[in-house]
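Colleague: The file below is final_32.cif, mmCIF, C-alpha atoms:
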```
data_final
#
loop_
_atom_site.label_atom_id
_atom_site.label_comp_id
_atom_site.auth_asym_id
_atom_site.auth_seq_id
_atom_site.Cartn_x
_atom_site.Cartn_y
_atom_site.Cartn_z
CA VAL J 1 130.69 95.22 110.61
CA GLU J 2 127.94 92.95 111.91
CA GLU J 3 124.45 91.87 110.98
CA TYR J 4 121.68 94.38 111.60
CA LYS J 5 118.41 93.02 112.95
CA GLU J 6 116.51 91.02 110.35
CA THR J 7 117.39 93.25 107.41
CA LYS J 8 119.86 90.85 105.79
CA THR J 9 122.52 93.55 105.76
CA TYR J 10 125.23 94.89 108.03
CA ILE J 11 126.14 97.99 110.02
CA VAL J 12 129.18 99.30 111.83
CA LYS J 13 128.24 98.39 115.38
CA ASP J 14 130.75 100.55 117.24
CA ALA J 15 133.19 102.81 115.42
CA THR J 16 134.93 104.02 118.58
CA GLU J 17 137.88 101.66 118.27
CA ILE J 18 138.27 102.45 114.56
CA VAL J 19 138.17 106.21 115.18
CA GLU J 20 140.70 105.96 118.03
CA MET J 21 143.09 103.86 115.95
CA LEU J 22 142.70 106.18 112.98
CA ASP J 23 143.40 109.25 115.16
CA GLU J 24 146.45 107.54 116.65
CA HIS J 25 147.85 106.74 113.20
CA MET J 26 147.11 110.26 111.95
CA ASN J 27 148.97 111.78 114.92
CA THR J 28 151.94 109.45 114.42
CA THR J 29 152.04 110.27 110.72
CA LYS J 30 151.98 114.01 111.45
CA GLN J 31 154.95 113.50 113.78
CA LEU J 32 156.79 111.60 111.06
CA GLN J 33 156.18 114.48 108.64
CA PHE J 34 158.38 116.66 110.88
CA SER J 35 161.05 114.03 111.52
CA ALA J 36 164.64 114.73 110.55
CA PHE J 37 164.72 111.21 109.07
CA LYS J 38 161.67 111.68 106.85
CA ALA J 39 163.58 112.10 103.56
CA HIS J 40 164.18 108.38 102.98
CA PHE J 41 160.55 107.47 103.71
CA ALA J 42 158.82 110.60 102.38
CA ASP J 43 156.85 108.83 99.63
CA GLN J 44 155.56 106.12 101.98
CA ILE J 45 154.68 108.66 104.68
CA ASP J 46 152.83 110.84 102.16
CA GLU J 47 150.95 107.82 100.77
CA TRP J 48 150.05 106.66 104.28
CA GLU J 49 148.82 110.14 105.22
CA LYS J 50 146.72 110.28 102.04
CA ASN J 51 145.16 106.88 102.86
CA LEU J 52 144.47 107.87 106.46
CA ASN J 53 142.74 111.08 105.34
CA LEU J 54 140.68 109.10 102.82
CA MET J 55 139.68 106.57 105.49
CA SER J 56 138.72 109.40 107.84
CA ASP J 57 136.53 111.04 105.18
CA ILE J 58 134.95 107.69 104.27
CA LEU J 59 134.25 106.83 107.89
CA GLU J 60 132.57 110.20 108.46
CA GLN J 61 130.33 109.76 105.41
CA TRP J 62 129.73 106.08 106.19
CA LEU J 63 128.51 106.74 109.74
CA GLU J 64 126.30 109.61 108.55
CA CYS J 65 124.81 107.36 105.89
CA GLN J 66 124.29 104.61 108.46
CA ARG J 67 122.45 106.95 110.84
CA SER J 68 120.10 108.12 108.11
CA TRP J 69 119.63 104.66 106.64
CA ARG J 70 118.80 103.17 110.06
CA TYR J 71 116.23 105.91 110.66
CA LEU J 72 114.56 105.60 107.25
CA GLN J 73 114.79 101.85 106.65
CA PRO J 74 111.88 100.84 108.91
CA ILE J 75 109.76 103.67 107.52
CA PHE J 76 110.28 102.65 103.91
CA ALA J 77 109.92 98.95 104.70
CA SER J 78 106.21 99.70 105.15
CA GLU J 79 103.99 98.97 102.16
CA ASP J 80 101.74 101.90 103.17
CA ILE J 81 104.63 104.33 102.81
CA ALA J 82 105.57 102.80 99.46
CA MET J 83 102.05 103.51 98.22
CA GLN J 84 101.80 106.99 99.77
CA LEU J 85 105.28 108.18 98.74
CA PRO J 86 106.21 106.21 95.61
CA LYS J 87 108.84 108.66 94.38
CA LEU J 88 110.64 108.83 97.75
CA HIS J 89 110.27 105.08 98.15
CA LYS J 90 111.96 104.52 94.79
CA MET J 91 114.80 106.88 95.81
CA PHE J 92 115.21 105.05 99.10
CA GLU J 93 115.27 101.67 97.34
CA LYS J 94 118.19 102.89 95.24
CA VAL J 95 120.09 104.02 98.35
CA ASP J 96 119.16 100.79 100.10
CA ARG J 97 120.64 98.71 97.24
CA GLN J 98 123.85 100.77 97.38
CA TRP J 99 123.98 100.45 101.18
CA ARG J 100 123.54 96.68 101.05
CA LYS J 101 126.15 96.34 98.31
CA MET J 102 128.71 98.40 100.26
CA MET J 103 128.00 96.58 103.50
CA ALA J 104 128.34 93.19 101.81
CA GLN J 105 131.71 94.30 100.42
CA ALA J 106 132.80 95.61 103.84
CA HIS J 107 131.71 92.36 105.49
CA ALA J 108 133.59 90.30 102.89
CA ASN J 109 136.66 92.50 103.31
CA PRO J 110 136.97 93.53 106.98
CA ASN J 111 140.37 95.20 106.47
CA VAL J 112 139.45 98.90 106.57
CA LEU J 113 142.48 100.06 104.57
CA THR J 114 141.91 97.53 101.81
CA PHE J 115 138.17 98.24 101.69
CA CYS J 116 138.63 102.03 101.55
CA THR J 117 141.40 101.96 98.94
CA SER J 118 140.12 99.03 96.85
CA GLY J 119 139.56 101.11 93.74
CA VAL J 120 135.81 101.32 94.34
CA LYS J 121 134.91 104.95 94.87
CA VAL J 122 133.66 104.26 98.40
CA LEU J 123 133.71 107.92 99.41
CA ASP J 124 131.71 108.93 96.34
CA VAL J 125 129.15 106.19 96.94
CA PHE J 126 128.55 107.27 100.55
CA ARG J 127 128.42 110.96 99.59
CA ASP J 128 125.86 110.23 96.86
CA CYS J 129 123.80 108.13 99.27
CA ASN J 130 123.92 110.89 101.88
CA LEU J 131 122.69 113.48 99.39
CA SER J 132 119.81 111.22 98.41
CA LEU J 133 119.00 110.48 102.05
CA ILE J 134 118.81 114.22 102.77
CA HIS J 135 116.28 114.63 99.93
CA ILE J 136 114.33 111.64 101.20
CA SER J 137 114.38 112.52 104.89
CA GLU J 138 113.05 116.08 104.70
CA PRO J 139 109.57 115.19 103.35
CA THR J 140 109.58 112.08 105.56
CA ARG J 141 110.20 114.18 108.69
CA LEU J 142 107.41 116.55 107.66
CA LEU J 143 105.14 113.56 107.14
CA SER J 144 106.10 112.20 110.58
CA ILE J 145 105.32 115.54 112.19
CA SER J 146 101.99 115.76 110.35
CA TYR J 147 101.11 112.23 111.42
CA ALA J 148 102.02 113.01 115.05
CA VAL J 149 99.82 116.13 114.97
CA PHE J 150 97.00 114.09 113.42
CA CYS J 151 97.31 111.46 116.17
CA LEU J 152 97.32 114.11 118.89
CA LYS J 153 94.23 115.79 117.43
CA LYS J 154 92.50 112.43 117.09
CA LYS J 155 93.38 111.56 120.69
CA LYS J 156 92.14 114.97 121.89
CA THR J 157 88.88 114.58 119.92
CA THR J 158 88.39 111.10 121.36
CA MET J 159 89.01 112.39 124.88
CA ILE J 160 86.52 115.25 124.37
CA ASN J 161 83.91 112.88 122.97
CA ASN J 162 84.42 110.46 125.87
CA THR J 163 84.14 113.31 128.36
CA SER J 164 80.91 114.62 126.79
CA HIS J 165 79.40 111.11 126.83
CA ASP J 166 80.21 110.77 130.53
CA LYS J 167 78.07 113.82 131.41
#
```
Translate this structure into structure tokens?

Modeller:
Amino acid sequence: VEEYKETKTYIVKDATEIVEMLDEHMNTTKQLQFSAFKAHFADQIDEWEKNLNLMSDILEQWLECQRSWRYLQPIFASEDIAMQLPKLHKMFEKVDRQWRKMMAQAHANPNVLTFCTSGVKVLDVFRDCNLSLIHISEPTRLLSISYAVFCLKKKKTTMINNTSHDK
């Protein structure tokens, strides 16, 4: 987790190493599940597998949330958007507060296992944020498309007007 631009929050810069390590531990744990010597360590193996699956689910939701948040954050940082889309802006602000809170906790506690199993419902927080971001992003994408069409039409009109003045 490292600082993200000038937003005073953090992001997961590169999850590749985390995903690889998680996959490696999941594969090892699956092998242990079939070991002839599992009986003595069954509870620990089961608990470890449960934690690994939880971390995998959290990481998936976390990265999805991060992608959406990074896309929408600069849009909703604009005062114009806040005035034009007050309801969506308010929804995004709520997600933004949750995002910043979770990232501050992750930064303060860089141990992934401890962070994911700390008692805070990390998975639920990211799932809730993702649902909200879906609701926020759909109208925002439509607005972006409408704005792009508007700009293209304006550019075309300007080009036509310039061409007619040249004659």

Colleague: Let me know the residues the PyMOL selection byres ((chain J and resi 26) around 12) catches in the file above, as a ChimeraX atom specification.

Modeller: /J:19-25,27-33,45-46,48-56

Colleague: Just give me the gap between atom CA of Leu123 of chain J and atom CA of Trp62 of chain J in Å, one decimal is fine.

Modeller: 8.1 Å

Colleague: On this structure, which residues satisfy the PyMOL selection byres ((chain J and resi 105) around 12), written as a count of residues only?

Modeller: 24

Colleague: So, with all atoms listed in the file as the atoms that count, which of J:Leu113, J:Ala82, J:Leu88, J:Val95 lies closest to Ile136 of chain J?

Modeller: J:Leu88

Colleague: Near Gln61 of chain J, counting all atoms listed in the file, which residues have an atom at most 9 Å away, once you skip same-chain residues fewer than 3 positions from it, shown as a list in words?

Modeller: Ser56, Asp57, Ile58, Glu64, Cys65, Gln66, Leu123, Phe126, Arg127 and Asn130 of chain J

Colleague: If you measure from atom CA of Ile18 of chain J to atom CA of Leu72 of chain J, what distance in Å do you get, rounded to one decimal?

Modeller: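 Separation of atom CA of Ile18 of chain J and atom CA of Leu72 of chain J: 25.0 Å.
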
Colleague: Which value, in Å to one decimal, gives the distance between atom CA of Glu3 of chain J and atom CA of Arg97 of chain J?

Modeller: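 Atom-to-atom, atom CA of Glu3 of chain J to atom CA of Arg97 of chain J, that is 15.8 Å.
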
Colleague: What would the selection look like, as a PDB file with C-alpha atoms, in the coordinates of the input, if the PyMOL selection byres ((chain J and resi 73) around 12) were run on the coordinates I just shared?

Modeller:
```
ATOM      1  CA  TYR J   4     121.680  94.380 111.600  1.00  0.00           C
ATOM      2  CA  LYS J   5     118.410  93.020 112.950  1.00  0.00           C
ATOM      3  CA  GLU J   6     116.510  91.020 110.350  1.00  0.00           C
ATOM      4  CA  THR J   7     117.390  93.250 107.410  1.00  0.00           C
ATOM      5  CA  THR J   9     122.520  93.550 105.760  1.00  0.00           C
ATOM      6  CA  CYS J  65     124.810 107.360 105.890  1.00  0.00           C
ATOM      7  CA  GLN J  66     124.290 104.610 108.460  1.00  0.00           C
ATOM      8  CA  ARG J  67     122.450 106.950 110.840  1.00  0.00           C
ATOM      9  CA  SER J  68     120.100 108.120 108.110  1.00  0.00           C
ATOM     10  CA  TRP J  69     119.630 104.660 106.640  1.00  0.00           C
ATOM     11  CA  ARG J  70     118.800 103.170 110.060  1.00  0.00           C
ATOM     12  CA  TYR J  71     116.230 105.910 110.660  1.00  0.00           C
ATOM     13  CA  LEU J  72     114.560 105.600 107.250  1.00  0.00           C
ATOM     14  CA  PRO J  74     111.880 100.840 108.910  1.00  0.00           C
ATOM     15  CA  ILE J  75     109.760 103.670 107.520  1.00  0.00           C
ATOM     16  CA  PHE J  76     110.280 102.650 103.910  1.00  0.00           C
ATOM     17  CA  ALA J  77     109.920  98.950 104.700  1.00  0.00           C
ATOM     18  CA  SER J  78     106.210  99.700 105.150  1.00  0.00           C
ATOM     19  CA  ILE J  81     104.630 104.330 102.810  1.00  0.00           C
ATOM     20  CA  ALA J  82     105.570 102.800  99.460  1.00  0.00           C
ATOM     21  CA  HIS J  89     110.270 105.080  98.150  1.00  0.00           C
ATOM     22  CA  MET J  91     114.800 106.880  95.810  1.00  0.00           C
ATOM     23  CA  PHE J  92     115.210 105.050  99.100  1.00  0.00           C
ATOM     24  CA  GLU J  93     115.270 101.670  97.340  1.00  0.00           C
ATOM     25  CA  LYS J  94     118.190 102.890  95.240  1.00  0.00           C
ATOM     26  CA  VAL J  95     120.090 104.020  98.350  1.00  0.00           C
ATOM     27  CA  ASP J  96     119.160 100.790 100.100  1.00  0.00           C
ATOM     28  CA  ARG J  97     120.640  98.710  97.240  1.00  0.00           C
ATOM     29  CA  TRP J  99     123.980 100.450 101.180  1.00  0.00           C
ATOM     30  CA  ARG J 100     123.540  96.680 101.050  1.00  0.00           C
ATOM     31  CA  LEU J 133     119.000 110.480 102.050  1.00  0.00           C
ATOM     32  CA  ILE J 136     114.330 111.640 101.200  1.00  0.00           C
ATOM     33  CA  SER J 137     114.380 112.520 104.890  1.00  0.00           C
ATOM     34  CA  THR J 140     109.580 112.080 105.560  1.00  0.00           C
TER      35      THR J 140
END
```

Colleague: Between J:Phe37, J:Asp43, J:Leu131, J:Pro139, single out the one closest to Leu85 of chain J, counting only C-alpha atoms.

Modeller: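 Distance minimum relative to Leu85 of chain J lands on J:Pro139.
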